Structure formats: structure tokens, C-alpha cells
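Shown next: input_22.csv, containing CSV, C-alpha atoms.
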```csv
chain,number,residue,atom,x,y,z
A,1329,MET,CA,27.2,-9.3,-48.2
A,1330,GLY,CA,28.2,-12.1,-45.9
A,1331,GLU,CA,30.9,-14.6,-46.8
A,1332,GLU,CA,30.1,-18.3,-46.8
A,1333,GLY,CA,32.5,-21.2,-46.4
A,1334,THR,CA,34.6,-22.4,-49.3
A,1335,GLY,CA,31.8,-24.6,-50.5
A,1336,GLY,CA,28.9,-22.1,-50.1
A,1337,THR,CA,27.1,-20.3,-52.9
A,1338,VAL,CA,26.4,-16.5,-52.9
A,1339,HIS,CA,23.7,-15.0,-55.2
A,1340,LEU,CA,23.5,-11.3,-55.8
A,1341,LEU,CA,19.9,-10.4,-56.9
A,1342,CYS,CA,19.0,-7.0,-58.2
A,1343,LEU,CA,15.3,-6.1,-58.3
A,1344,ALA,CA,13.4,-3.1,-59.6
A,1345,ALA,CA,12.2,-1.4,-56.4
A,1346,SER,CA,8.7,-0.6,-57.6
A,1347,SER,CA,7.7,-3.7,-59.7
A,1348,GLY,CA,10.0,-6.4,-58.3
A,1349,VAL,CA,11.1,-7.3,-61.8
A,1350,PRO,CA,14.5,-9.1,-61.5
A,1351,LEU,CA,17.1,-7.1,-63.4
A,1352,PHE,CA,20.0,-9.5,-62.9
A,1353,CYS,CA,21.2,-12.4,-60.7
A,1354,ARG,CA,24.9,-13.2,-60.4
A,1355,SER,CA,26.2,-16.2,-58.5
A,1356,SER,CA,29.5,-17.2,-57.0
A,1357,ARG,CA,30.6,-20.6,-55.4
A,1358,GLY,CA,33.8,-21.0,-53.5
A,1359,GLY,CA,35.1,-17.6,-54.7
A,1360,ALA,CA,34.5,-18.3,-58.4
A,1361,PRO,CA,31.6,-17.5,-60.8
A,1362,ALA,CA,28.9,-20.1,-60.7
A,1363,ARG,CA,26.4,-21.2,-63.4
A,1364,GLN,CA,23.9,-22.2,-60.8
A,1365,GLN,CA,21.1,-19.6,-60.9
A,1366,LEU,CA,18.1,-18.9,-58.7
A,1367,PRO,CA,14.9,-20.4,-59.9
A,1368,PHE,CA,12.2,-17.8,-60.9
A,1369,SER,CA,9.9,-19.2,-58.2
A,1370,VAL,CA,12.6,-18.4,-55.5
A,1371,ILE,CA,13.1,-14.9,-56.9
A,1372,GLY,CA,9.3,-14.4,-56.9
A,1373,SER,CA,9.0,-15.6,-53.3
A,1374,LEU,CA,11.9,-13.3,-52.1
A,1375,ASN,CA,10.3,-10.3,-53.8
A,1376,GLY,CA,7.0,-11.1,-52.1
A,1377,VAL,CA,8.7,-11.1,-48.7
A,1378,HIS,CA,10.5,-7.9,-49.7
A,1379,MET,CA,7.2,-6.1,-50.7
A,1380,PHE,CA,5.5,-7.4,-47.5
A,1381,GLY,CA,8.3,-6.1,-45.4
A,1382,GLN,CA,8.4,-2.8,-47.2
A,1383,ASN,CA,4.8,-2.1,-46.2
A,1384,LEU,CA,5.8,-2.5,-42.6
A,1385,GLU,CA,8.9,-0.4,-43.1
A,1386,VAL,CA,11.2,-3.4,-42.8
A,1387,GLN,CA,13.9,-4.0,-45.5
A,1388,LEU,CA,14.9,-7.5,-46.5
A,1389,SER,CA,18.6,-7.4,-47.4
A,1390,SER,CA,19.6,-11.0,-47.5
A,1391,ALA,CA,18.3,-14.6,-47.0
A,1392,ARG,CA,20.4,-17.5,-45.9
A,1393,THR,CA,20.3,-21.3,-45.9
A,1394,GLU,CA,23.0,-23.7,-44.6
A,1395,ASN,CA,25.1,-23.4,-47.8
A,1396,THR,CA,23.6,-20.4,-49.6
A,1397,THR,CA,23.3,-16.6,-49.2
A,1398,VAL,CA,21.1,-14.5,-51.4
A,1399,VAL,CA,21.8,-10.7,-51.3
A,1400,LEU,CA,19.0,-8.4,-52.5
A,1401,LEU,CA,20.1,-5.1,-54.1
A,1402,VAL,CA,16.9,-3.0,-54.1
A,1403,GLY,CA,16.2,0.2,-55.9
A,1404,LEU,CA,18.9,2.8,-56.3
A,1405,GLU,CA,17.0,6.1,-57.0
A,1406,GLU,CA,18.3,6.2,-60.5
A,1407,LEU,CA,16.8,2.8,-61.2
A,1408,THR,CA,13.3,3.4,-59.8
A,1409,ASN,CA,11.8,5.1,-62.8
A,1410,ILE,CA,12.4,2.4,-65.3
A,1411,ARG,CA,10.9,3.0,-68.7
A,1412,ASN,CA,12.1,0.0,-70.5
A,1413,VAL,CA,13.1,-3.0,-68.3
A,1414,GLU,CA,14.6,-5.0,-71.2
A,1415,ARG,CA,16.7,-2.1,-72.3
A,1416,LEU,CA,17.9,-1.7,-68.7
A,1417,LYS,CA,18.8,-5.4,-68.4
A,1418,LYS,CA,20.9,-5.1,-71.6
A,1419,ASP,CA,22.7,-2.0,-70.3
A,1420,LEU,CA,23.5,-3.7,-67.0
A,1421,ARG,CA,25.4,-6.5,-68.7
A,1422,ALA,CA,28.3,-4.2,-69.1
A,1423,SER,CA,28.7,-4.4,-65.3
A,1424,TYR,CA,28.7,-8.2,-65.0
A,1425,CYS,CA,32.5,-8.5,-64.9
A,1426,LEU,CA,32.8,-5.9,-62.1
A,1427,ILE,CA,29.9,-7.5,-60.2
A,1428,ASP,CA,31.4,-11.0,-60.5
A,1429,SER,CA,34.8,-9.8,-59.3
A,1430,PHE,CA,33.1,-8.5,-56.1
A,1431,LEU,CA,31.4,-11.8,-55.5
A,1432,GLY,CA,34.6,-13.8,-56.2
A,1433,ASP,CA,37.8,-14.2,-54.2
A,1434,SER,CA,39.5,-11.0,-55.3
A,1435,GLU,CA,43.2,-10.2,-54.6
A,1436,LEU,CA,42.1,-6.6,-53.9
A,1437,ILE,CA,40.7,-5.2,-50.7
A,1438,GLY,CA,39.4,-1.7,-51.7
A,1439,ASP,CA,35.8,-3.0,-51.6
A,1440,LEU,CA,36.2,-3.5,-47.9
A,1441,THR,CA,38.5,-0.6,-46.9
A,1442,GLN,CA,37.1,2.0,-49.4
A,1443,CYS,CA,40.8,2.8,-50.1
A,1444,VAL,CA,42.5,2.6,-53.5
A,1445,ASP,CA,44.6,-0.5,-53.9
A,1446,CYS,CA,48.1,0.7,-54.8
A,1447,VAL,CA,51.5,-0.7,-55.5
A,1448,ILE,CA,55.0,0.9,-55.1
A,1449,PRO,CA,57.1,0.8,-58.3
A,1450,PRO,CA,60.9,0.7,-58.1
A,1451,GLU,CA,61.2,3.8,-60.3
A,1452,GLY,CA,58.1,5.7,-59.3
A,1453,SER,CA,59.4,9.2,-59.9
A,1454,LEU,CA,60.3,8.3,-63.5
A,1455,LEU,CA,56.9,6.8,-64.2
A,1456,GLN,CA,55.1,9.8,-62.6
A,1457,GLU,CA,57.0,12.2,-64.8
A,1458,ALA,CA,56.1,10.2,-67.9
A,1459,LEU,CA,52.5,10.0,-66.8
A,1460,SER,CA,52.2,13.7,-66.3
A,1461,GLY,CA,53.7,14.4,-69.8
A,1462,PHE,CA,51.3,11.9,-71.4
A,1463,ALA,CA,48.3,13.4,-69.6
A,1464,GLU,CA,49.3,16.9,-70.9
A,1465,ALA,CA,49.7,15.6,-74.5
A,1466,ALA,CA,46.4,13.7,-74.3
A,1467,GLY,CA,44.5,16.8,-73.0
A,1468,THR,CA,43.1,15.3,-69.8
A,1469,ALA,CA,43.9,15.7,-66.1
A,1470,PHE,CA,42.7,12.2,-65.2
A,1471,VAL,CA,45.2,9.5,-66.0
A,1472,SER,CA,46.5,6.5,-64.1
A,1473,LEU,CA,48.8,3.6,-64.6
A,1474,VAL,CA,47.2,0.3,-63.4
A,1475,VAL,CA,48.6,-3.2,-62.9
A,1476,SER,CA,46.1,-6.0,-62.2
A,1477,GLY,CA,43.6,-3.5,-60.8
A,1478,ARG,CA,46.1,-1.7,-58.6
A,1479,VAL,CA,47.3,1.9,-59.1
A,1480,VAL,CA,51.0,2.3,-59.9
A,1481,ALA,CA,51.0,6.0,-60.5
A,1482,ALA,CA,48.3,8.7,-61.1
A,1483,THR,CA,48.0,12.4,-61.9
A,1484,GLU,CA,46.8,14.8,-59.2
A,1485,GLY,CA,43.5,15.0,-61.0
A,1486,TRP,CA,42.9,11.3,-60.8
A,1487,TRP,CA,43.7,11.3,-57.1
A,1488,ARG,CA,41.1,14.0,-56.6
A,1489,LEU,CA,38.4,11.6,-57.7
A,1490,GLY,CA,36.2,10.9,-54.7
A,1491,THR,CA,35.1,7.6,-53.2
A,1492,PRO,CA,33.8,5.3,-54.6
A,1493,GLU,CA,35.0,6.3,-58.1
A,1494,ALA,CA,38.7,6.1,-57.2
A,1495,VAL,CA,38.2,2.6,-55.9
A,1496,LEU,CA,35.9,1.3,-58.6
A,1497,LEU,CA,37.7,2.5,-61.8
A,1498,PRO,CA,40.9,0.5,-61.4
A,1499,TRP,CA,38.9,-2.4,-60.0
A,1500,LEU,CA,36.7,-2.3,-63.2
A,1501,VAL,CA,39.8,-2.2,-65.4
A,1502,GLY,CA,41.3,-5.2,-63.6
A,1503,SER,CA,38.0,-7.2,-63.9
A,1504,LEU,CA,37.7,-6.8,-67.7
A,1505,PRO,CA,39.0,-9.3,-70.3
A,1506,PRO,CA,42.4,-8.3,-71.8
A,1507,GLN,CA,42.2,-5.9,-74.7
A,1508,THR,CA,44.7,-3.8,-76.5
A,1509,ALA,CA,42.6,-0.6,-76.2
A,1510,ARG,CA,39.1,0.3,-74.9
A,1511,ASP,CA,36.7,3.2,-75.1
A,1512,TYR,CA,34.3,2.4,-72.2
A,1513,PRO,CA,31.4,4.6,-71.0
A,1514,VAL,CA,31.2,5.0,-67.3
A,1515,TYR,CA,28.9,6.8,-64.9
A,1516,LEU,CA,30.6,8.3,-61.8
A,1517,PRO,CA,28.4,7.7,-58.7
A,1518,HIS,CA,29.3,11.1,-57.2
A,1519,GLY,CA,31.0,13.1,-59.9
A,1520,SER,CA,28.6,12.4,-62.8
A,1521,PRO,CA,25.8,10.0,-62.0
A,1522,THR,CA,23.6,10.9,-65.0
A,1523,VAL,CA,26.1,11.8,-67.8
A,1524,PRO,CA,28.6,9.2,-68.8
A,1525,HIS,CA,32.4,9.9,-69.1
A,1526,ARG,CA,34.7,7.9,-71.4
A,1527,LEU,CA,37.2,5.6,-69.8
A,1528,LEU,CA,40.0,4.9,-72.3
A,1529,THR,CA,42.4,2.1,-71.6
A,1530,LEU,CA,45.6,1.3,-73.4
A,1531,THR,CA,47.6,-1.8,-72.8
A,1532,LEU,CA,51.3,-1.2,-72.4
A,1533,LEU,CA,52.2,-4.8,-71.3
A,1534,PRO,CA,50.1,-7.7,-70.2
A,1535,SER,CA,48.0,-6.7,-67.1
A,1536,LEU,CA,49.6,-3.2,-67.2
A,1537,GLU,CA,47.3,-0.5,-68.6
A,1538,LEU,CA,47.0,3.3,-69.0
A,1539,CYS,CA,43.6,4.6,-67.9
A,1540,LEU,CA,42.2,8.0,-69.0
A,1541,LEU,CA,39.0,9.6,-67.9
A,1542,CYS,CA,37.8,12.1,-70.4
A,1543,GLY,CA,34.9,13.7,-72.3
A,1544,PRO,CA,34.1,13.6,-76.0
A,1545,SER,CA,37.8,14.1,-76.9
A,1546,PRO,CA,40.5,12.9,-77.5
A,1547,PRO,CA,39.5,10.1,-80.0
A,1548,LEU,CA,41.2,6.8,-79.3
A,1549,SER,CA,43.0,7.0,-82.6
A,1550,GLN,CA,44.8,10.1,-81.5
A,1551,LEU,CA,46.4,8.2,-78.6
A,1552,TYR,CA,47.0,4.8,-80.1
A,1553,PRO,CA,49.6,3.9,-81.3
A,1554,GLN,CA,51.6,7.0,-82.1
A,1555,LEU,CA,51.4,9.0,-78.8
A,1556,LEU,CA,51.5,5.9,-76.7
A,1557,GLU,CA,54.7,4.6,-78.3
A,1558,ARG,CA,56.4,8.1,-78.3
A,1559,CYS,CA,55.8,8.5,-74.5
A,1560,TRP,CA,56.3,5.0,-73.2
A,1561,GLN,CA,58.6,3.1,-75.5
A,1562,PRO,CA,61.7,4.6,-73.8
A,1563,LEU,CA,60.5,3.3,-70.4
A,1564,LEU,CA,60.0,-0.3,-71.3
A,1565,ASP,CA,62.3,-1.6,-68.5
A,1566,PRO,CA,60.7,0.4,-65.7
A,1567,LEU,CA,57.3,-0.7,-67.0
A,1568,ARG,CA,58.4,-4.4,-67.0
A,1569,ALA,CA,59.5,-4.0,-63.3
A,1570,CYS,CA,55.8,-3.1,-62.5
A,1571,LEU,CA,54.5,-6.5,-63.6
A,1572,PRO,CA,55.4,-8.5,-60.4
A,1573,LEU,CA,53.9,-5.8,-58.3
A,1574,GLY,CA,50.3,-7.1,-58.8
A,1575,PRO,CA,50.4,-9.8,-56.1
A,1576,ARG,CA,53.4,-8.4,-54.1
A,1577,ALA,CA,52.6,-4.6,-54.0
A,1578,LEU,CA,56.2,-3.8,-52.8
A,1579,PRO,CA,59.4,-3.6,-54.8
A,1580,SER,CA,61.6,-6.7,-54.9
A,1581,GLY,CA,64.1,-6.6,-52.1
A,1582,PHE,CA,62.1,-4.4,-49.8
A,1583,PRO,CA,63.2,-5.5,-46.3
A,1584,LEU,CA,60.4,-7.3,-44.5
A,1585,HIS,CA,60.6,-9.6,-41.5
A,1586,THR,CA,60.6,-13.3,-42.5
A,1587,ASP,CA,57.6,-13.9,-40.1
A,1588,ILE,CA,55.3,-11.7,-42.2
A,1589,LEU,CA,52.8,-13.7,-44.2
A,1590,GLY,CA,50.7,-10.8,-45.3
A,1591,LEU,CA,50.1,-7.1,-44.6
A,1592,LEU,CA,47.6,-4.3,-45.1
A,1593,LEU,CA,48.8,-0.7,-44.8
A,1594,LEU,CA,46.2,2.1,-45.0
A,1595,HIS,CA,46.6,5.8,-45.3
A,1596,LEU,CA,43.3,7.0,-43.8
A,1597,GLU,CA,43.5,10.6,-45.2
A,1598,LEU,CA,44.7,9.8,-48.7
A,1599,LYS,CA,42.3,6.8,-48.9
A,1600,ARG,CA,45.1,4.5,-50.3
A,1601,CYS,CA,46.3,1.1,-49.2
A,1602,LEU,CA,48.9,-1.5,-49.8
A,1603,PHE,CA,47.8,-5.1,-49.6
A,1604,THR,CA,49.8,-8.3,-50.1
A,1605,VAL,CA,49.7,-11.9,-48.9
A,1606,GLU,CA,52.7,-12.9,-50.9
A,1607,PRO,CA,55.6,-10.8,-49.5
A,1608,LEU,CA,58.2,-13.6,-49.1
A,1609,GLY,CA,57.3,-16.6,-51.3
A,1610,ASP,CA,55.4,-19.8,-50.5
A,1611,LYS,CA,54.4,-20.7,-47.0
A,1612,GLU,CA,51.3,-22.0,-45.3
A,1613,PRO,CA,48.5,-21.0,-45.1
A,1614,SER,CA,47.5,-20.5,-48.8
A,1615,PRO,CA,47.1,-17.0,-50.3
A,1616,GLU,CA,43.4,-17.4,-50.3
A,1617,GLN,CA,43.3,-18.2,-46.6
A,1618,ARG,CA,45.7,-15.3,-45.8
A,1619,ARG,CA,43.4,-12.9,-47.6
A,1620,ARG,CA,40.4,-14.2,-45.7
A,1621,LEU,CA,42.2,-13.9,-42.4
A,1622,LEU,CA,43.3,-10.3,-43.0
A,1623,ARG,CA,39.9,-9.2,-44.3
A,1624,ASN,CA,38.2,-10.7,-41.3
A,1625,PHE,CA,40.8,-9.1,-38.9
A,1626,TYR,CA,40.3,-5.7,-40.6
A,1627,THR,CA,36.6,-5.9,-40.1
A,1628,LEU,CA,37.1,-6.9,-36.4
A,1629,VAL,CA,39.6,-4.1,-35.5
A,1630,THR,CA,37.7,-1.4,-37.5
A,1631,SER,CA,34.4,-2.3,-35.8
A,1632,THR,CA,35.6,-2.8,-32.3
A,1633,HIS,CA,38.9,-1.1,-31.7
A,1634,PHE,CA,39.8,1.7,-34.1
A,1635,PRO,CA,37.6,4.6,-35.3
A,1636,PRO,CA,36.8,4.7,-39.0
A,1637,GLU,CA,38.6,8.0,-39.5
A,1638,PRO,CA,41.8,9.3,-37.9
A,1639,GLY,CA,41.9,12.0,-35.3
A,1640,PRO,CA,41.5,12.5,-31.5
A,1641,PRO,CA,38.3,11.9,-29.6
A,1642,GLU,CA,36.0,14.8,-29.2
A,1643,LYS,CA,35.9,16.6,-25.8
A,1644,THR,CA,32.6,16.9,-24.0
A,1645,GLU,CA,31.8,19.7,-21.6
A,1646,GLY,CA,32.9,19.0,-18.0
A,1647,GLU,CA,34.8,15.9,-19.0
A,1648,VAL,CA,37.6,15.0,-16.6
A,1649,TYR,CA,39.0,11.8,-18.1
A,1650,GLN,CA,39.0,11.2,-21.8
A,1651,ALA,CA,38.5,7.7,-23.2
A,1652,GLN,CA,41.8,6.5,-24.6
A,1653,LEU,CA,41.7,5.0,-28.1
A,1654,PRO,CA,43.8,1.9,-28.5
A,1655,ARG,CA,46.9,2.1,-30.6
A,1656,ALA,CA,47.5,-1.6,-31.0
A,1657,CYS,CA,45.8,-5.0,-30.7
A,1658,TYR,CA,46.6,-8.6,-31.6
A,1659,LEU,CA,44.9,-11.9,-32.1
A,1660,VAL,CA,46.3,-15.4,-31.8
A,1661,LEU,CA,44.5,-18.1,-33.7
A,1662,GLY,CA,45.1,-21.7,-32.5
A,1663,THR,CA,47.5,-21.6,-29.6
A,1664,GLU,CA,50.1,-19.2,-28.2
A,1665,GLU,CA,52.7,-22.0,-28.2
A,1666,PRO,CA,55.5,-21.1,-30.6
A,1667,GLY,CA,55.2,-22.9,-33.9
A,1668,LYS,CA,51.4,-23.3,-33.8
A,1669,GLY,CA,48.5,-21.2,-35.1
A,1670,VAL,CA,48.9,-17.7,-36.7
A,1671,ARG,CA,49.2,-14.3,-35.2
A,1672,LEU,CA,47.5,-11.1,-36.3
A,1673,VAL,CA,48.5,-7.6,-35.1
A,1674,ALA,CA,47.1,-4.2,-35.8
A,1675,LEU,CA,48.8,-0.9,-35.1
A,1676,GLN,CA,47.6,2.7,-35.7
A,1677,LEU,CA,49.9,5.7,-35.6
A,1678,GLY,CA,48.4,9.0,-36.8
A,1679,VAL,CA,46.8,8.6,-40.3
A,1680,ARG,CA,48.3,5.2,-40.9
A,1681,ARG,CA,47.0,1.8,-39.8
A,1682,LEU,CA,49.0,-1.4,-40.3
A,1683,LEU,CA,47.6,-5.0,-40.1
A,1684,LEU,CA,50.1,-7.9,-40.2
A,1685,LEU,CA,49.5,-11.6,-40.6
A,1686,LEU,CA,52.4,-13.5,-38.9
A,1687,SER,CA,53.7,-17.0,-38.9
A,1688,PRO,CA,53.3,-19.2,-35.8
A,1689,GLN,CA,57.0,-18.8,-35.1
A,1690,SER,CA,56.5,-15.1,-34.1
A,1691,PRO,CA,56.3,-14.8,-30.3
A,1692,SER,CA,53.3,-12.9,-28.9
A,1693,HIS,CA,55.4,-10.6,-26.7
A,1694,GLY,CA,57.2,-9.3,-29.8
A,1695,LEU,CA,54.2,-8.5,-32.0
A,1696,ARG,CA,53.9,-4.8,-31.3
A,1697,SER,CA,57.6,-4.2,-31.7
A,1698,LEU,CA,57.6,-6.0,-35.0
A,1699,ALA,CA,54.6,-4.1,-36.2
A,1700,THR,CA,56.1,-0.7,-35.1
A,1701,HIS,CA,59.3,-1.4,-36.9
A,1702,THR,CA,57.5,-2.5,-40.1
A,1703,LEU,CA,55.2,0.6,-40.1
A,1704,HIS,CA,58.2,2.9,-39.8
A,1705,ALA,CA,59.9,1.1,-42.7
A,1706,LEU,CA,56.7,1.4,-44.9
A,1707,THR,CA,55.8,5.0,-43.9
A,1708,PRO,CA,58.0,6.7,-46.7
A,1709,LEU,CA,56.2,4.6,-49.3
A,1710,LEU,CA,52.6,5.6,-48.4
```

What do you get writing this file as C-alpha cells?
Amino acid sequence: MGEEGTGGTVHLLCLAASSGVPLFCRSSRGGAPARQQLPFSVIGSLNGVHMFGQNLEVQLSSARTENTTVVLLVGLEELTNIRNVERLKKDLRASYCLIDSFLGDSELIGDLTQCVDCVIPPEGSLLQEALSGFAEAAGTAFVSLVVSGRVVAATEGWWRLGTPEAVLLPWLVGSLPPQTARDYPVYLPHGSPTVPHRLLTLTLLPSLELCLLCGPSPPLSQLYPQLLERCWQPLLDPLRACLPLGPRALPSGFPLHTDILGLLLLHLELKRCLFTVEPLGDKEPSPEQRRRLLRNFYTLVTSTHFPPEPGPPEKTEGEVYQAQLPRACYLVLGTEEPGKGVRLVALQLGVRRLLLLLSPQSPSHGLRSLATHTLHALTPLL
């Protein structure tokens, strides 16, 4: 899906692959859900173009005008043999909150990196111990603590979930309206695409939730409120300390250079990331602009400079000189004069990749040194 300018409209259109029947259409304008919907005549025309191209082995994935993008999502195999279209439309409504969050201006980045958005709590070992005890008492190996769609702590079983489940589940929880408790059926794209699991969520504090992935048991009444209170009431202060971690990701007081306006740290083997554009309070540009800059920079460096996975380049027989993979790159937007524009720098060391958005006061000749120092400081955290 392409991003439009702040005033552009993006429509996500899902069609049945065989019949072309529209299953749903969700719209976003300026990063927020929009009421403006595509007219049925436009949907019919797009489907006609899609069917014509399909006969020529050409797939229509999107259509653009000056201020609008329409994205066509055509035919997952599980949706091709549709027996009851109206029933399917009704079932798909449960996904609207998640779909709208992808179209909007999310504070998360897992949709782009395919890494789990995480935060680092001040008392992580204490929370991890409590989480393991709660999982054992609840009878499931898949439990996580989530704040605003980001994972604070999780059991080993939860971390073993593959992509995209590990990214989608906390994102789904962060996209849903607040509720004290939920019993939510979910299909796991890789782990269980045909048989639903139960996603149980229990709110500990506003925006801080326990998530359990389980089968027919335990019943929600077994967990809430008795087991929940017994396990977590003694940890109220460490839990409260997690609440500011939503936008910041790092513990209060963590030493960061004052020039850093935003950062993205990825662990490429664990498939986890830290992402924040609010490390040191309010400065220009706005958080929305910072997120957009870092997302675009990530796309640039991943597609042109760094391989998608860590590891040395493969040798070829008879090769004398191996191509050297870059370890760092930077981008100056505006001008290189101090005090003007912004700086972006990317550094990769082993399984970790760091992207920084820096203020215009940061001199270009010091970008790599600053990035190296920051990566070494963050390495023990992720």
C-alpha cells in the first residue's frame, strides 16, 4: 500500500477472487478513518479491470488518482470458496478495527518491519517472573503483557509464535476499544489458519493488558477477578511504571543524546524492535512527521543498502573479491549547514540494526560515532 500526502485518501478494497463481490471497503484520510466510501460503480469498474487483467495473467494491485489510492486485496485461498457471502461479510467486521489501524497513522512499526513492537520496563525481571507464574496458574504457555499494542514481557511460548502472528496479536489488542476483559476468537495465519484459538485479554490498568492464547480452557471466569488480583495486585507500582512506555519505549532516565528525535532498533534474529519518536520531549518536527521520516528511511536502507536478514554474503566458486556490505549510511534532508534540515543515520552491527532521526544541530561528520555509541548503549536492552 502506498502512502499519500496528509490530505490524501486511501481505500482498502477486498473482493472475492472468483465473483468480484466486494467483501468490505475501509477508508483513511490524513491518517484517520474516513467516512467517504467508494461508489459501487467505481468498485464495479475496478473489478472489471481486475478480471480483464487476470485473463492476461496481469494482477491489478492498486489504482491512483492525484489525491486517492485504492488498494485491492484479492482472494486469499481461504476466501475463494465462499458459500455464504453475507455471512462472510458479517464475520469480517470483527477485523475492521485492525484493518483501520493499518490504514491510519499508527504509532507502531511492526507492519513495516515484521518485527514485534516492544518496550523495556524498569523492572522487567520482576514482571517476567510474575508473568511466568500467572501462565502456569492459568494453564497456558502463551501469555504476554501488552501496553498500547507493544509487548512489555512475554512467556517463551508466546515468543515462539511465528510471523505474522507475533506481530498481529499485540497490534490487534492495541486497536480494539477498551474493555475490562475479552474472549476473542482468532485464526493464526501460520499456526492455525482453519481452527480458531481463544485470545483472552484482561485489563490491569488503562492501556495495559494481559493477553492469553489458549484453547477451550480455561474459562474467563476462572481468571477474572480472583487469579488476576492474586498474581498482579502486589505489583501495582511496577505495572504503573509501564504506562508511559507506550510512546517512549525506553525507561525514564535512559541516557540518550539530546540530538536524537527518534530511533528504531531492530534485532533481526529475534524479530523484535524498539521504536520511539518521543525520547526527549517536544521538539520539531511533530511526532507524526518523525514517524513518517523514519518509516521512509527504513524502507530506503532496507531496499538499497542492508540485506533483509543478517549474515555474511555467500561465496561463489572462483570469487577473488567479495562484495562488501555497508555497515552505515546517512541522509541529510534540507541542507548540511548546522541548524537546518534533519539528519538520518543507519548502522548495522551483527544482528542489530539502528536507525536514528537527529536534529539539525547534529554535525554530519559525527553521525556514525553517535549512532555507534547509541547502539552500544541499547544492546543490553534488546

The distance between CA of Arg1655 (chain A) and CA of Leu1703 (chain A) is 12.7 Å

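Straight-line separation from CA of Thr1531 (chain A) to CA of Ser1476 (chain A): 11.5 Å.
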
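Between CA of Phe1582 (chain A) and CA of Pro1450 (chain A) the interatomic distance comes to 9.8 Å.
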
Among A:Leu1695, A:Leu1686, A:Leu1564, A:Leu1530, Glu1612 (chain A) is approached most closely, using all atoms listed in the file, by A:Leu1686

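Using only C-alpha atoms, the shortest contact distance between Ala1360 (chain A) and any of A:Phe1462, A:Phe1430, A:Trp1560, A:Phe1603 is found at A:Phe1430.
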
If you count all atoms listed in the file, the residue of A:Gly1490, A:Glu1414, A:Thr1337, A:Ala1465 closest to Arg1558 (chain A) turns out to be A:Ala1465
